[in-house]
$ cat run.cif   # mmCIF, C-alpha atoms
data_data
loop_
_atom_site.label_atom_id
_atom_site.label_comp_id
_atom_site.auth_asym_id
_atom_site.auth_seq_id
_atom_site.Cartn_x
_atom_site.Cartn_y
_atom_site.Cartn_z
CA MET A 143 -18.88 23.57 48.27
CA GLN A 144 -15.90 22.36 46.23
CA TYR A 145 -14.15 20.73 49.20
CA ILE A 146 -17.15 18.51 49.93
CA ALA A 147 -17.30 17.58 46.23
CA VAL A 148 -13.66 16.46 46.38
CA ILE A 149 -14.31 14.34 49.47
CA LEU A 150 -17.37 12.70 47.91
CA GLY A 151 -15.58 12.27 44.58
CA ILE A 152 -12.63 10.45 46.13
CA PHE A 153 -14.91 8.26 48.21
CA GLY A 154 -17.13 7.44 45.23
CA LEU A 155 -14.29 6.78 42.79
CA ASP A 156 -12.37 4.56 45.20
CA PHE A 157 -15.56 2.77 46.28
CA GLY A 158 -16.39 2.01 42.65
CA ILE A 159 -12.90 0.75 41.84
CA LYS A 160 -12.78 -1.38 45.00
CA ASP A 161 -16.17 -2.87 44.13
CA TYR A 162 -14.97 -3.65 40.60
CA ILE A 163 -11.75 -5.22 41.90
CA GLU A 164 -13.66 -7.32 44.45
CA LYS A 165 -16.05 -8.65 41.80
CA ASN A 166 -13.65 -9.09 38.87
CA LYS A 167 -10.13 -9.85 40.11
CA SER A 168 -8.73 -12.82 41.95
CA GLU A 169 -6.30 -12.41 44.83
CA ASN A 170 -3.28 -13.83 42.98
CA ALA A 171 -3.88 -12.33 39.52
CA GLU A 172 -1.72 -9.49 38.22
CA GLU A 173 -2.63 -7.22 35.33
CA LYS A 174 -0.01 -4.93 33.79
CA LYS A 175 -0.92 -1.41 32.66
CA LEU A 176 1.06 1.51 31.19
CA GLY A 177 3.68 -0.74 29.65
CA GLY A 178 3.97 -2.82 32.82
CA PHE A 179 4.71 0.14 35.12
CA LEU A 180 1.38 -0.16 36.95
CA LEU A 181 0.35 -3.51 38.34
CA ILE A 182 -3.31 -4.14 39.15
CA ARG A 183 -3.57 -6.71 41.92
CA LYS A 184 -6.27 -7.41 44.49
CA HIS A 185 -5.12 -7.42 48.08
CA HIS A 186 -7.13 -7.50 51.31
CA ASN A 187 -5.27 -5.38 53.83
CA ARG A 188 -6.52 -6.45 57.24
CA GLY A 189 -4.38 -3.96 59.15
CA ALA A 190 -3.20 -0.41 58.66
CA PHE A 191 -0.41 0.69 56.29
CA LEU A 192 1.67 -2.34 55.21
CA ASN A 193 -0.73 -4.61 57.13
CA ALA A 194 0.52 -3.22 60.45
CA GLY A 195 -1.75 -4.38 63.26
CA GLN A 196 -3.53 -7.03 61.22
CA GLU A 197 -3.69 -9.23 64.33
CA ARG A 198 -5.62 -6.44 66.06
CA ARG A 199 -8.13 -5.45 63.42
CA ARG A 200 -10.67 -4.06 65.88
CA ILE A 201 -8.08 -1.68 67.34
CA VAL A 202 -6.99 -0.62 63.84
CA ALA A 203 -10.64 0.01 62.89
CA ALA A 204 -11.26 2.00 66.09
CA LEU A 205 -8.13 4.11 65.50
CA SER A 206 -9.25 4.67 61.92
CA VAL A 207 -12.61 5.97 63.14
CA VAL A 208 -11.00 8.23 65.76
CA ILE A 209 -8.45 9.68 63.32
CA THR A 210 -11.17 10.23 60.69
CA LEU A 211 -13.35 12.03 63.25
CA LEU A 212 -10.42 14.21 64.33
CA LEU A 213 -9.68 15.09 60.70
CA THR A 214 -13.35 15.94 60.23
CA VAL A 215 -13.23 18.30 63.23
CA LEU A 216 -10.04 19.93 61.86
CA PHE A 217 -11.66 20.26 58.44
CA VAL A 218 -14.79 21.92 59.84
CA GLY A 219 -12.61 24.14 62.05
CA SER A 220 -10.52 25.20 59.07
CA PHE A 221 -13.50 27.15 57.73
CA THR A 222 -13.15 29.60 60.60
CA MET A 223 -9.73 30.54 59.18
CA THR A 224 -9.46 33.08 56.41
CA GLY A 225 -7.49 31.86 53.45
CA ARG A 226 -5.70 28.61 54.18
CA GLY A 227 -6.87 27.11 50.90
CA LEU A 228 -3.95 24.70 50.74
CA LEU A 229 -4.79 23.39 54.21
CA LYS A 230 -8.44 22.95 53.25
CA TRP A 231 -7.57 21.15 50.01
CA GLY A 232 -5.18 18.88 51.88
CA LEU A 233 -7.77 18.05 54.53
CA SER A 234 -10.31 17.37 51.76
CA LEU A 235 -8.00 14.86 50.10
CA MET A 236 -7.18 13.20 53.41
CA LEU A 237 -10.84 12.96 54.39
CA GLY A 238 -11.94 11.47 51.07
CA GLY A 239 -9.33 8.75 51.51
CA ALA A 240 -9.94 8.31 55.24
CA TYR A 241 -13.70 7.92 54.78
CA SER A 242 -13.17 5.31 52.06
CA ASN A 243 -10.62 3.22 53.95
CA THR A 244 -12.51 3.53 57.25
CA TYR A 245 -15.70 2.43 55.51
CA ASP A 246 -13.86 -0.65 54.24
CA ARG A 247 -12.51 -1.46 57.70
CA LEU A 248 -15.96 -1.22 59.24
CA LYS A 249 -18.01 -2.84 56.46
CA ARG A 250 -15.68 -5.39 54.85
CA LYS A 251 -13.31 -5.90 57.82
CA TYR A 252 -10.37 -5.19 55.48
CA VAL A 253 -9.27 -2.48 53.04
CA VAL A 254 -9.19 -3.35 49.35
CA ASP A 255 -5.86 -2.36 47.81
CA TYR A 256 -5.32 -2.78 44.09
CA VAL A 257 -2.39 -0.94 42.51
CA SER A 258 1.38 -1.21 42.80
CA PHE A 259 4.34 -0.12 40.72
CA HIS A 260 6.84 -2.18 38.79
CA VAL A 261 10.02 -0.45 39.94
CA PRO A 262 13.58 -1.67 40.56
CA TRP A 263 13.10 -1.55 44.34
CA LYS A 264 11.47 -4.84 45.35
CA GLY A 265 10.34 -3.44 48.70
CA LEU A 266 8.31 -0.71 47.01
CA GLN A 267 7.09 -3.12 44.37
CA ARG A 268 5.48 -5.30 47.06
CA ILE A 269 3.40 -2.43 48.48
CA ILE A 270 -0.15 -2.37 47.12
CA PHE A 271 -2.10 0.88 47.32
CA ASN A 272 -5.53 2.25 46.51
CA ILE A 273 -6.58 5.75 45.43
CA SER A 274 -7.47 6.65 49.01
CA ASP A 275 -3.90 5.93 50.13
CA PHE A 276 -2.52 8.36 47.54
CA CYS A 277 -5.06 11.01 48.51
CA ILE A 278 -4.17 10.61 52.19
CA MET A 279 -0.44 10.97 51.47
CA ILE A 280 -0.81 13.94 49.12
CA GLY A 281 -3.38 15.53 51.42
CA ALA A 282 -1.07 15.22 54.42
CA LEU A 283 1.72 16.98 52.52
CA LEU A 284 -0.61 19.75 51.33
CA SER A 285 -2.09 20.16 54.81
CA MET A 286 1.33 20.52 56.38
CA ALA A 287 2.41 23.02 53.73
CA GLY A 288 -0.84 24.92 54.15
CA TYR A 289 -0.68 24.93 57.92
CA PHE A 290 2.87 26.25 58.08
CA SER A 291 2.66 28.80 55.27
CA GLU A 292 1.79 32.34 56.31
CA ASN A 293 0.38 33.63 53.05
CA ASN A 294 -1.74 30.66 52.10
CA THR A 295 -4.91 31.47 50.17
#

$ encode --input "run.cif" --output "structure tokens"
Amino acid sequence: MQYIAVILGIFGLDFGIKDYIEKNKSENAEEKKLGGFLLIRKHHNRGAFLNAGQERRRIVAALSVVITLLLTVLFVGSFTMTGRGLLKWGLSLMLGGAYSNTYDRLKRKYVVDYVSFHVPWKGLQRIIFNISDFCIMIGALLSMAGYFSENNT
């Protein structure tokens, strides 16, 4: 099934990049790509988004597991609905990212983030993402659009 392939693809791609970053980049190094627009930097996020809850890593990890399980149940339940392709694609993206980041939280005790953007807004420039984060964000938007649209196929 194509949705499962997307989930596994996201997990595998992000896992491979995280492994490469862990083995080949130092925490303080910065590598510029695409004319300096992309910044490759290794960061160990010990909390949730923007390191929120880093003092309570076990709670963050438990919440990550619970949310991932709930998304999995929603994903499986979505197959009882006719159509709703946009919802299913969104859930697939979110699950690929959620499985990857949850795996990190459980196995490494932190999530490996590695890409940020050189933009004029310093606040955004300080945020370091990984592919799973982008998939979760895009998947959430697609899921919402798919859930609320009547003629979704």

$ resolve_selection --input "run.cif" --expression "the PyMOL selection byres ((chain A and resi 232) around 12)" --output "CSV table (one decimal) with C-alpha atoms, in the frame of the given file"
chain,number,residue,atom,x,y,z
A,145,TYR,CA,-14.2,20.7,49.2
A,148,VAL,CA,-13.7,16.5,46.4
A,149,ILE,CA,-14.3,14.3,49.5
A,213,LEU,CA,-9.7,15.1,60.7
A,216,LEU,CA,-10.0,19.9,61.9
A,217,PHE,CA,-11.7,20.3,58.4
A,220,SER,CA,-10.5,25.2,59.1
A,226,ARG,CA,-5.7,28.6,54.2
A,227,GLY,CA,-6.9,27.1,50.9
A,228,LEU,CA,-4.0,24.7,50.7
A,229,LEU,CA,-4.8,23.4,54.2
A,230,LYS,CA,-8.4,23.0,53.2
A,231,TRP,CA,-7.6,21.2,50.0
A,233,LEU,CA,-7.8,18.0,54.5
A,234,SER,CA,-10.3,17.4,51.8
A,235,LEU,CA,-8.0,14.9,50.1
A,236,MET,CA,-7.2,13.2,53.4
A,237,LEU,CA,-10.8,13.0,54.4
A,238,GLY,CA,-11.9,11.5,51.1
A,239,GLY,CA,-9.3,8.8,51.5
A,276,PHE,CA,-2.5,8.4,47.5
A,277,CYS,CA,-5.1,11.0,48.5
A,278,ILE,CA,-4.2,10.6,52.2
A,279,MET,CA,-0.4,11.0,51.5
A,280,ILE,CA,-0.8,13.9,49.1
A,281,GLY,CA,-3.4,15.5,51.4
A,282,ALA,CA,-1.1,15.2,54.4
A,283,LEU,CA,1.7,17.0,52.5
A,284,LEU,CA,-0.6,19.8,51.3
A,285,SER,CA,-2.1,20.2,54.8
A,286,MET,CA,1.3,20.5,56.4
A,287,ALA,CA,2.4,23.0,53.7
A,288,GLY,CA,-0.8,24.9,54.2
A,289,TYR,CA,-0.7,24.9,57.9

$ residues_near_point --input "run.cif" --point "(-14.7, 6.4, 55.8)" --cutoff "12 Å" --atoms "only C-alpha atoms" --output "ChimeraX atom specification"
/A:149-150,152-154,156-157,203-211,213-214,236-250,253,274,278

$ closest_residue --input "run.cif" --among "A:Tyr256, A:Gly225, A:Leu212, A:Ile146" --to "Glu169 (chain A)" --atoms "all atoms listed in the file"
A:Tyr256

$ atom_distance --input "run.cif" --atom1 "CA of Lys167 (chain A)" --atom2 "CA of Val254 (chain A)"
11.3 Å

$ atom_distance --input "run.cif" --atom1 "CA of His260 (chain A)" --atom2 "CA of Phe179 (chain A)"
4.8 Å

$ atom_distance --input "run.cif" --atom1 "CA of Gly265 (chain A)" --atom2 "CA of Lys175 (chain A)"
19.7 Å

$ closest_residue --input "run.cif" --among "A:Ile269, A:Ala171, A:Leu176, A:Val257" --to "Phe191 (chain A)" --atoms "all atoms listed in the file"
A:Ile269

$ axis_aligned_box --input "run.cif" --around "region 147-164 of chain A" --padding-each-side "8 Å" --output "lines of an AutoDock Vina configuration file"
center_x = -14.6
center_y = 5.1
center_z = 45.0
size_x = 21.6
size_y = 40.9
size_z = 24.9

$ closest_residue --input "run.cif" --among "A:Gln196, A:Lys184, A:Phe259, A:Ile270" --to "Lys165 (chain A)" --atoms "all atoms listed in the file"
A:Lys184

$ closest_residue --input "run.cif" --among "A:Val202, A:Met143, A:Met223, A:Ile163" --to "His186 (chain A)" --atoms "all atoms listed in the file"
A:Ile163

$ decode --input "run.cif" --residues "region 162-173 of chain A" --atoms "C-alpha atoms" --output "PDB file, in the first residue's frame"
ATOM      1  CA  TYR A 162      24.957  10.427   9.148  1.00  0.00           C
ATOM      2  CA  ILE A 163      24.698  13.677  11.115  1.00  0.00           C
ATOM      3  CA  GLU A 164      25.448  11.888  14.401  1.00  0.00           C
ATOM      4  CA  LYS A 165      28.558  10.225  12.967  1.00  0.00           C
ATOM      5  CA  ASN A 166      29.921  13.055  10.815  1.00  0.00           C
ATOM      6  CA  LYS A 167      28.971  16.442  12.274  1.00  0.00           C
ATOM      7  CA  SER A 168      29.982  18.139  15.481  1.00  0.00           C
ATOM      8  CA  GLU A 169      27.462  20.004  17.625  1.00  0.00           C
ATOM      9  CA  ASN A 170      28.869  23.479  16.912  1.00  0.00           C
ATOM     10  CA  ALA A 171      29.712  23.088  13.209  1.00  0.00           C
ATOM     11  CA  GLU A 172      27.624  24.788  10.532  1.00  0.00           C
ATOM     12  CA  GLU A 173      27.626  23.859   6.862  1.00  0.00           C
TER      13      GLU A 173
END
